[in-house]
file run-v9.cif (mmCIF, C-alpha atoms)
data_input
loop_
_atom_site.label_atom_id
_atom_site.label_comp_id
_atom_site.auth_asym_id
_atom_site.auth_seq_id
_atom_site.Cartn_x
_atom_site.Cartn_y
_atom_site.Cartn_z
CA MET K 1 -24.53 10.88 -11.18
CA THR K 2 -22.08 8.33 -12.63
CA VAL K 3 -18.98 9.88 -11.05
CA PRO K 4 -17.66 7.56 -8.31
CA ARG K 5 -17.11 9.34 -5.02
CA LEU K 6 -15.17 8.50 -1.89
CA LEU K 7 -17.65 8.34 0.98
CA SER K 8 -15.15 7.43 3.71
CA LEU K 9 -11.60 6.28 4.37
CA ALA K 10 -10.27 4.44 7.43
CA THR K 11 -6.96 2.81 8.36
CA ALA K 12 -5.88 0.18 10.87
CA VAL K 13 -2.55 -1.10 12.20
CA PRO K 14 -1.63 -4.08 14.41
CA PRO K 15 -0.59 -3.53 18.05
CA HIS K 16 3.15 -4.17 18.08
CA VAL K 17 5.21 -1.02 17.51
CA LEU K 18 8.70 -1.52 16.11
CA HIS K 19 11.10 1.33 16.86
CA GLN K 20 13.88 1.65 14.32
CA SER K 21 16.30 2.28 17.18
CA GLU K 22 15.49 -1.25 18.41
CA VAL K 23 15.25 -2.92 15.00
CA ALA K 24 18.79 -1.90 14.00
CA PRO K 25 20.64 -3.69 16.84
CA ALA K 26 18.32 -6.70 16.54
CA ALA K 27 19.17 -6.98 12.84
CA ALA K 28 22.87 -6.63 13.62
CA ALA K 29 22.65 -9.52 16.08
CA LEU K 30 21.14 -11.72 13.35
CA PHE K 31 23.18 -10.66 10.33
CA LEU K 32 26.56 -9.35 11.44
CA GLY K 33 28.21 -12.74 11.92
CA ASN K 34 26.77 -14.25 8.74
CA ASN K 35 26.96 -11.50 6.14
CA PRO K 36 30.37 -9.90 5.59
CA HIS K 37 28.69 -6.96 3.85
CA PHE K 38 26.24 -6.17 6.65
CA GLU K 39 28.56 -3.87 8.58
CA ARG K 40 28.67 -1.34 5.76
CA MET K 41 24.89 -1.74 5.25
CA GLN K 42 23.91 -0.92 8.83
CA ALA K 43 23.48 2.75 7.95
CA ILE K 44 20.33 1.82 6.05
CA TYR K 45 18.35 1.71 9.31
CA HIS K 46 19.23 5.33 10.03
CA ASN K 47 19.04 6.53 6.42
CA ALA K 48 15.59 4.99 5.82
CA ALA K 49 13.92 8.03 7.48
CA ILE K 50 11.70 5.67 9.48
CA GLU K 51 11.16 5.97 13.22
CA THR K 52 8.37 3.49 13.93
CA ARG K 53 6.43 0.73 12.21
CA HIS K 54 3.63 -1.60 13.25
CA SER K 55 3.75 -5.39 13.18
CA CYS K 56 1.32 -8.23 13.89
CA VAL K 57 4.16 -10.07 15.63
CA PRO K 58 6.69 -8.79 18.22
CA LEU K 59 10.28 -8.02 17.26
CA ASP K 60 11.71 -11.17 18.84
CA TRP K 61 9.53 -13.31 16.55
CA ASP K 62 12.01 -12.56 13.78
CA SER K 63 14.87 -14.29 15.60
CA THR K 64 13.37 -17.80 15.35
CA GLU K 65 12.57 -20.20 12.50
CA HIS K 66 9.11 -20.17 10.91
CA SER K 67 7.60 -22.30 8.18
CA PHE K 68 5.60 -20.96 5.26
CA SER K 69 2.47 -22.57 6.70
CA GLU K 70 2.94 -20.83 10.07
CA ARG K 71 3.51 -17.47 8.38
CA ASN K 72 0.40 -17.91 6.26
CA ARG K 73 -1.73 -18.94 9.23
CA LEU K 74 -0.73 -15.70 10.96
CA TYR K 75 -1.38 -13.79 7.74
CA LEU K 76 -4.95 -15.08 7.53
CA GLU K 77 -5.68 -14.50 11.20
CA HIS K 78 -4.35 -10.94 11.42
CA SER K 79 -5.46 -9.85 7.96
CA VAL K 80 -9.10 -10.56 8.67
CA ASP K 81 -8.84 -8.83 12.08
CA LEU K 82 -7.39 -5.68 10.53
CA LEU K 83 -9.82 -5.69 7.62
CA GLU K 84 -12.76 -5.96 10.00
CA ARG K 85 -11.51 -2.99 12.02
CA ALA K 86 -10.90 -0.83 8.97
CA ALA K 87 -14.22 -1.80 7.35
CA THR K 88 -16.17 -1.09 10.53
CA ASP K 89 -14.60 2.36 10.87
CA ALA K 90 -15.26 3.18 7.21
CA LEU K 91 -18.91 2.14 7.56
CA ASP K 92 -19.31 4.25 10.70
CA GLN K 93 -17.79 7.28 8.98
CA ALA K 94 -20.20 6.95 6.06
CA GLY K 95 -23.22 6.29 8.27
CA LEU K 96 -23.79 2.92 6.61
CA SER K 97 -24.39 -0.62 7.81
CA VAL K 98 -22.91 -3.88 6.56
CA ALA K 99 -26.21 -4.55 4.74
CA ASP K 100 -25.66 -1.44 2.59
CA ILE K 101 -22.54 -2.87 0.94
CA ASP K 102 -23.08 -4.40 -2.50
CA GLY K 103 -19.52 -5.31 -3.45
CA LEU K 104 -16.06 -5.98 -2.07
CA VAL K 105 -12.70 -5.30 -3.69
CA VAL K 106 -9.89 -6.70 -1.53
CA VAL K 107 -6.18 -6.22 -2.33
CA SER K 108 -3.34 -8.14 -0.69
CA SER K 109 -0.08 -9.73 -1.88
CA SER K 110 1.71 -10.71 1.34
CA GLY K 111 0.04 -14.09 1.87
CA ILE K 112 -2.17 -16.71 0.26
CA ALA K 113 -5.90 -17.02 0.93
CA THR K 114 -8.24 -19.51 -0.72
CA PRO K 115 -11.09 -18.95 0.09
CA SER K 116 -9.99 -15.36 -0.44
CA LEU K 117 -9.94 -12.66 2.22
CA ASP K 118 -13.21 -11.17 1.00
CA ALA K 119 -14.99 -14.50 1.58
CA LEU K 120 -13.45 -14.81 5.03
CA LEU K 121 -14.53 -11.27 5.89
CA MET K 122 -18.06 -11.92 4.64
CA GLU K 123 -18.37 -14.70 7.22
CA ARG K 124 -16.79 -12.64 10.01
CA MET K 125 -19.04 -9.60 9.43
CA ALA K 126 -22.18 -11.49 8.33
CA MET K 127 -22.36 -9.68 4.99
CA ARG K 128 -25.04 -10.19 2.38
CA ARG K 129 -24.92 -13.43 0.42
CA ASP K 130 -25.36 -11.70 -2.96
CA MET K 131 -22.16 -9.68 -2.56
CA ARG K 132 -20.04 -9.00 -5.65
CA ARG K 133 -16.47 -10.04 -4.83
CA LEU K 134 -13.17 -9.09 -6.45
CA PRO K 135 -10.04 -10.39 -4.70
CA ILE K 136 -6.80 -8.99 -6.16
CA PHE K 137 -3.38 -10.62 -5.60
CA GLY K 138 0.05 -9.83 -7.02
CA LEU K 139 -0.02 -6.06 -7.47
CA GLY K 140 2.32 -5.44 -4.54
CA CYS K 141 2.86 -1.77 -3.69
CA VAL K 142 0.79 -0.53 -6.63
CA GLY K 143 -2.28 -2.37 -5.31
CA GLY K 144 -3.58 0.54 -3.25
CA VAL K 145 -3.96 2.82 -6.25
CA LEU K 146 -5.08 0.20 -8.76
CA GLY K 147 -7.40 -1.50 -6.25
CA LEU K 148 -9.17 1.80 -5.57
CA ALA K 149 -9.37 2.28 -9.34
CA ARG K 150 -11.03 -1.13 -9.75
CA ALA K 151 -13.55 -0.25 -7.02
CA ALA K 152 -14.32 3.04 -8.78
CA ALA K 153 -14.73 1.23 -12.10
CA LEU K 154 -17.27 -1.17 -10.54
CA ALA K 155 -19.17 1.75 -9.02
CA ARG K 156 -19.23 3.63 -12.32
CA ALA K 157 -20.37 0.54 -14.25
CA GLU K 158 -23.31 0.04 -11.88
CA PRO K 159 -24.05 3.42 -10.25
CA ASP K 160 -26.51 1.98 -7.73
CA LEU K 161 -23.82 -0.16 -6.09
CA THR K 162 -21.97 0.72 -2.90
CA ILE K 163 -18.44 -0.73 -3.09
CA LEU K 164 -16.20 -1.40 -0.10
CA PHE K 165 -12.52 -1.28 -1.07
CA LEU K 166 -10.12 -2.99 1.32
CA VAL K 167 -6.36 -3.46 1.37
CA VAL K 168 -4.16 -5.26 3.88
CA GLU K 169 -0.48 -6.12 3.84
CA LEU K 170 1.51 -7.95 6.52
CA CYS K 171 4.96 -7.58 5.02
CA GLY K 172 6.70 -8.18 8.35
CA LEU K 173 5.70 -11.85 8.21
CA THR K 174 7.92 -12.30 5.15
CA PHE K 175 11.16 -11.62 7.04
CA ARG K 176 13.49 -14.63 6.85
CA LYS K 177 16.35 -14.63 9.31
CA ASP K 178 18.61 -16.89 7.22
CA ASP K 179 18.27 -14.81 4.08
CA PHE K 180 21.38 -12.62 3.93
CA SER K 181 20.54 -10.97 0.62
CA LYS K 182 20.56 -7.20 0.33
CA SER K 183 16.87 -7.18 -0.56
CA ASN K 184 15.94 -8.99 2.66
CA ILE K 185 18.08 -6.65 4.75
CA VAL K 186 16.52 -3.61 3.08
CA ALA K 187 13.09 -5.09 3.82
CA THR K 188 13.92 -5.32 7.54
CA ALA K 189 14.57 -1.58 7.50
CA LEU K 190 11.45 -0.62 5.53
CA PHE K 191 8.49 -2.97 5.87
CA GLY K 192 5.53 -2.53 8.20
CA ASP K 193 1.99 -3.91 8.48
CA GLY K 194 -1.28 -2.08 7.93
CA ALA K 195 -4.75 -2.03 6.38
CA ALA K 196 -7.20 0.47 4.96
CA ALA K 197 -10.82 0.65 3.87
CA ALA K 198 -12.71 3.06 1.62
CA ILE K 199 -16.32 3.19 0.48
CA VAL K 200 -17.02 4.23 -3.10
CA ARG K 201 -20.40 5.05 -4.66
CA CYS K 202 -21.91 7.26 -7.33
CA GLY K 203 -24.62 9.82 -6.64
CA ARG K 204 -23.36 10.84 -3.19
CA SER K 205 -21.21 13.67 -1.86
CA GLY K 206 -17.49 13.27 -1.36
CA PRO K 207 -14.21 13.51 -3.27
CA ALA K 208 -14.76 12.56 -6.90
CA VAL K 209 -12.68 9.81 -8.52
CA THR K 210 -12.32 11.41 -11.93
CA GLY K 211 -9.84 9.10 -13.61
CA TRP K 212 -7.37 6.26 -13.31
CA GLY K 213 -4.75 4.49 -15.38
CA GLU K 214 -1.53 2.52 -15.37
CA HIS K 215 1.67 1.85 -17.27
CA THR K 216 3.72 -1.36 -17.31
CA TRP K 217 7.25 -1.13 -18.68
CA ALA K 218 8.65 -3.81 -20.99
CA ASP K 219 11.40 -6.16 -19.81
CA SER K 220 10.99 -5.14 -16.17
CA LEU K 221 9.70 -8.31 -14.47
CA ASP K 222 12.80 -8.56 -12.28
CA VAL K 223 12.48 -5.10 -10.71
CA MET K 224 10.14 -6.00 -7.86
CA GLY K 225 8.18 -8.98 -6.53
CA TRP K 226 8.30 -12.17 -4.45
CA ASP K 227 10.39 -15.28 -4.88
CA VAL K 228 8.65 -18.27 -3.27
CA ARG K 229 10.93 -20.25 -0.94
CA ASP K 230 10.27 -23.24 1.33
CA ASP K 231 10.15 -21.01 4.41
CA GLY K 232 8.17 -18.13 2.92
CA LEU K 233 8.12 -15.28 0.45
CA SER K 234 11.49 -13.74 -0.38
CA VAL K 235 11.37 -10.10 -1.42
CA ILE K 236 12.83 -8.91 -4.72
CA PHE K 237 13.97 -5.27 -4.87
CA SER K 238 16.06 -3.75 -7.62
CA ARG K 239 18.59 -1.19 -6.44
CA ASP K 240 17.70 0.76 -9.59
CA ILE K 241 14.15 1.69 -8.52
CA PRO K 242 14.95 5.34 -7.58
CA GLN K 243 16.83 5.77 -10.88
CA LEU K 244 13.94 4.20 -12.80
CA VAL K 245 11.64 6.76 -11.17
CA ARG K 246 13.93 9.59 -12.29
CA THR K 247 14.27 8.36 -15.86
CA LYS K 248 10.91 6.76 -16.67
CA MET K 249 8.17 7.88 -14.28
CA ARG K 250 7.60 11.42 -15.57
CA SER K 251 6.78 10.33 -19.12
CA ALA K 252 4.26 7.80 -17.77
CA VAL K 253 2.67 10.47 -15.56
CA ASP K 254 2.46 12.95 -18.42
CA ALA K 255 0.89 10.36 -20.72
CA TYR K 256 -1.73 9.53 -18.11
CA LEU K 257 -2.56 13.19 -17.52
CA VAL K 258 -2.91 13.83 -21.27
CA ARG K 259 -5.44 11.00 -21.46
CA GLN K 260 -7.36 12.73 -18.69
CA GLY K 261 -7.20 16.12 -20.43
CA LEU K 262 -4.88 17.44 -17.73
CA ALA K 263 -1.33 18.69 -17.25
CA LEU K 264 1.00 18.62 -14.27
CA ALA K 265 0.07 22.24 -13.50
CA ASP K 266 -3.52 21.08 -12.86
CA ILE K 267 -2.41 18.91 -9.92
CA GLY K 268 -2.55 20.56 -6.51
CA SER K 269 -1.56 17.59 -4.35
CA PHE K 270 0.72 14.60 -4.99
CA VAL K 271 -0.41 11.54 -3.01
CA CYS K 272 2.56 9.24 -3.63
CA HIS K 273 3.28 5.81 -2.25
CA PRO K 274 6.46 6.29 -0.16
CA GLY K 275 8.34 3.16 -1.16
CA GLY K 276 11.44 4.59 0.51
CA ILE K 277 13.08 7.93 1.13
CA LYS K 278 15.14 7.75 -2.09
CA VAL K 279 11.96 7.15 -4.08
CA ILE K 280 10.29 10.16 -2.43
CA GLU K 281 13.31 12.32 -3.28
CA ALA K 282 13.21 11.09 -6.88
CA LEU K 283 9.49 11.92 -7.14
CA GLU K 284 10.11 15.43 -5.83
CA ASP K 285 12.76 15.83 -8.52
CA ILE K 286 10.63 14.72 -11.46
CA TYR K 287 7.68 16.84 -10.35
CA GLY K 288 9.91 19.89 -9.94
CA LEU K 289 9.15 20.12 -6.23
CA ALA K 290 11.50 21.51 -3.59
CA PRO K 291 13.08 18.87 -1.30
CA GLY K 292 10.72 18.10 1.57
CA THR K 293 7.58 19.18 -0.31
CA LEU K 294 5.96 15.73 -0.17
CA ILE K 295 5.19 16.08 3.52
CA HIS K 296 2.43 13.46 3.72
CA PRO K 297 4.43 10.62 2.11
CA ARG K 298 7.39 11.54 4.31
CA HIS K 299 5.25 11.54 7.46
CA VAL K 300 3.66 8.19 6.67
CA LEU K 301 7.04 6.64 5.90
CA ARG K 302 8.49 7.97 9.15
CA ARG K 303 5.55 6.81 11.27
CA PHE K 304 4.47 3.57 9.56
CA GLY K 305 7.23 2.50 7.16
CA ASN K 306 6.41 0.84 3.83
CA MET K 307 3.18 -1.15 4.21
CA SER K 308 3.15 -2.07 0.52
CA ALA K 309 -0.28 -1.52 -1.08
CA ALA K 310 -1.87 -0.09 2.07
CA THR K 311 0.61 2.78 2.40
CA VAL K 312 -0.82 5.15 -0.20
CA MET K 313 -4.20 5.03 1.57
CA PHE K 314 -2.53 6.33 4.74
CA VAL K 315 -1.02 9.16 2.68
CA LEU K 316 -4.44 9.91 1.17
CA ARG K 317 -6.00 9.99 4.63
CA ASP K 318 -3.52 12.66 5.71
CA ALA K 319 -3.96 14.66 2.51
CA LEU K 320 -7.77 14.66 2.82
CA ALA K 321 -7.55 15.69 6.48
CA GLU K 322 -6.31 19.10 5.32
CA ALA K 323 -9.79 19.70 3.85
CA LYS K 324 -8.20 21.80 1.09
CA PRO K 325 -10.24 21.80 -2.15
CA THR K 326 -7.84 20.60 -4.83
CA ARG K 327 -7.10 17.91 -7.40
CA HIS K 328 -5.03 15.01 -5.98
CA LEU K 329 -2.86 12.70 -8.06
CA LEU K 330 -2.38 9.28 -6.47
CA SER K 331 0.56 7.26 -7.73
CA SER K 332 2.43 4.10 -6.84
CA LEU K 333 4.82 1.54 -8.31
CA GLY K 334 4.66 -2.22 -8.10
CA PRO K 335 5.61 -5.54 -9.69
CA GLY K 336 5.26 -5.68 -13.41
CA PHE K 337 7.11 -3.15 -13.26
CA THR K 338 3.95 -1.03 -13.13
CA ALA K 339 2.94 2.51 -12.25
CA GLY K 340 -0.63 3.17 -11.13
CA PHE K 341 -2.40 6.54 -11.21
CA LEU K 342 -5.70 7.91 -9.96
CA THR K 343 -7.07 11.46 -9.81
CA LEU K 344 -9.30 12.54 -6.96
CA ASP K 345 -11.02 15.94 -7.00
CA THR K 346 -12.17 17.52 -3.72
CA ARG K 347 -13.23 20.84 -5.25
CA ALA K 348 -16.85 19.86 -5.82
#
call {"tool": "encode", "arguments": {"input": "run-v9.cif", "output": "structure tokens"}}
result
Amino acid sequence: MTVPRLLSLATAVPPHVLHQSEVAPAAAALFLGNNPHFERMQAIYHNAAIETRHSCVPLDWDSTEHSFSERNRLYLEHSVDLLERAATDALDQAGLSVADIDGLVVVSSSGIATPSLDALLMERMAMRRDMRRLPIFGLGCVGGVLGLARAAALARAEPDLTILFLVVELCGLTFRKDDFSKSNIVATALFGDGAAAAIVRCGRSGPAVTGWGEHTWADSLDVMGWDVRDDGLSVIFSRDIPQLVRTKMRSAVDAYLVRQGLALADIGSFVCHPGGIKVIEALEDIYGLAPGTLIHPRHVLRRFGNMSAATVMFVLRDALAEAKPTRHLLSSLGPGFTAGFLTLDTRA
């Protein structure tokens, strides 16, 4: 009765669709005359294995100046809209009403909200006043896995609670047209916007959240994150991330599985955050999988790009749609530099 279970899972994306075939020439128009290295970097738009992404703003928004305050106003407006849509769909799937929700766990790192997004959503959806609230900021791409883990931990601690887990990231709003760094250019080829919602509770039917954990490597604070600038958040990406996956990720995975009384052979499905195609390829290598095996991460990357913390929930949605009884291993990497893990069992 104290095993947290996933009652429903829903996703939402904003209306503007960015086609990579249109993003590439738009980026060239902005960068080519200002960055002498951009010409040799243009291949990144083709090599990213992304066809479309979604954005809360149209493509031409990126060609004009925007202050941090304007970006954050858009972040608040569109985040709450997307969270409401995802939450409503998750409630409908589970056959629940807003009044049935006892707690909110909300993850986001692409803007600033005080009052936090959970408080804003409570007002929008007229939620109960005695709601338990846990806003989580700063986890970046690992927030989807660790946020779901925090929701499961709350549900296990108080088995009578129904927890609504929400994640939203609007990474496209962080694009800065006068930032000619490689990290910013890579971000223009990868980032998309999206949100997801999941309902977690003990004592019900649904996939069982059987374990979770994380590992933060020493001396790795510069691998990934944000640098705050006057005109917004500037992305930090280390070029070494795929190599770090190849050299360090497997030992962290194995250590987590040992703590759960499992081995890699016990995993039937790898639900990985697709940070980029090189990361997916590195994950296939360390898990001993044939190239192309991680079909769900590849599909989500191709269709939606990297939506930071929200992305792994899109991958999980696709994996669960197969309705194949198995044990799933969710994993992601984020600032810290941190790996997050969660096991989800659909066999019973």
call {"tool": "closest_residue", "arguments": {"input": "run-v9.cif", "among": "K:Gly194, K:Pro115, K:Pro291, K:Gly203", "to": "Gly305 (chain K)", "atoms": "all atoms listed in the file"}}
result
K:Gly194
call {"tool": "resolve_selection", "arguments": {"input": "run-v9.cif", "expression": "the PyMOL selection byres ((chain K and resi 173) around 9)", "output": "JSON list (two decimals) with C-alpha atoms, in the coordinates of the input"}}
result
[["chain", "number", "residue", "atom", "x", "y", "z"],
["K", 55, "SER", "CA", 3.75, -5.39, 13.18],
["K", 56, "CYS", "CA", 1.32, -8.23, 13.89],
["K", 57, "VAL", "CA", 4.16, -10.07, 15.63],
["K", 62, "ASP", "CA", 12.01, -12.56, 13.78],
["K", 71, "ARG", "CA", 3.51, -17.47, 8.38],
["K", 72, "ASN", "CA", 0.40, -17.91, 6.26],
["K", 74, "LEU", "CA", -0.73, -15.70, 10.96],
["K", 75, "TYR", "CA", -1.38, -13.79, 7.74],
["K", 110, "SER", "CA", 1.71, -10.71, 1.34],
["K", 111, "GLY", "CA", 0.04, -14.09, 1.87],
["K", 170, "LEU", "CA", 1.51, -7.95, 6.52],
["K", 171, "CYS", "CA", 4.96, -7.58, 5.02],
["K", 172, "GLY", "CA", 6.70, -8.18, 8.35],
["K", 174, "THR", "CA", 7.92, -12.30, 5.15],
["K", 175, "PHE", "CA", 11.16, -11.62, 7.04],
["K", 176, "ARG", "CA", 13.49, -14.63, 6.85],
["K", 193, "ASP", "CA", 1.99, -3.91, 8.48],
["K", 232, "GLY", "CA", 8.17, -18.13, 2.92],
["K", 233, "LEU", "CA", 8.12, -15.28, 0.45]]
call {"tool": "atom_distance", "arguments": {"input": "run-v9.cif", "atom1": "CA of Leu120 (chain K)", "atom2": "CA of Trp212 (chain K)"}}
result
28.6 Å
call {"tool": "closest_residue", "arguments": {"input": "run-v9.cif", "among": "K:Arg298, K:His78, K:Arg229, K:His273", "to": "Gly143 (chain K)", "atoms": "all atoms listed in the file"}}
result
K:His273
call {"tool": "residues_around", "arguments": {"input": "run-v9.cif", "residues": "region 179-183 of chain K", "least_positions_apart": "6", "cutoff": "12 Å", "atoms": "all atoms listed in the file", "output": "MDAnalysis selection string"}}
result
chainID K and resid 27:28 30:42 44 62 65 189:191 223:227 229:239
call {"tool": "closest_residue", "arguments": {"input": "run-v9.cif", "among": "K:Cys202, K:Ile280, K:Cys272, K:Ala348", "to": "Ala157 (chain K)", "atoms": "all atoms listed in the file"}}
result
K:Cys202
call {"tool": "resolve_selection", "arguments": {"input": "run-v9.cif", "expression": "the PyMOL selection byres ((chain K and resi 321-333) around 8)", "output": "MDAnalysis selection string"}}
result
chainID K and resid 141:142 144:145 266:273 312 316:320 334:335 337:348
call {"tool": "resolve_selection", "arguments": {"input": "run-v9.cif", "expression": "the PyMOL selection byres ((chain K and resi 85) around 9)", "output": "list in words"}}
result
Ala10, Thr11, Ala12, Val80, Asp81, Leu82, Leu83, Glu84, Ala86, Ala87, Thr88, Asp89, Ala90, Ala195, Ala196 and Ala197 of chain K
call {"tool": "closest_residue", "arguments": {"input": "run-v9.cif", "among": "K:Ile185, K:Val209, K:Ala29, K:Ala153", "to": "Ala43 (chain K)", "atoms": "all atoms listed in the file"}}
result
K:Ile185
call {"tool": "atom_distance", "arguments": {"input": "run-v9.cif", "atom1": "CA of Arg128 (chain K)", "atom2": "CA of Ile101 (chain K)"}}
result
7.9 Å
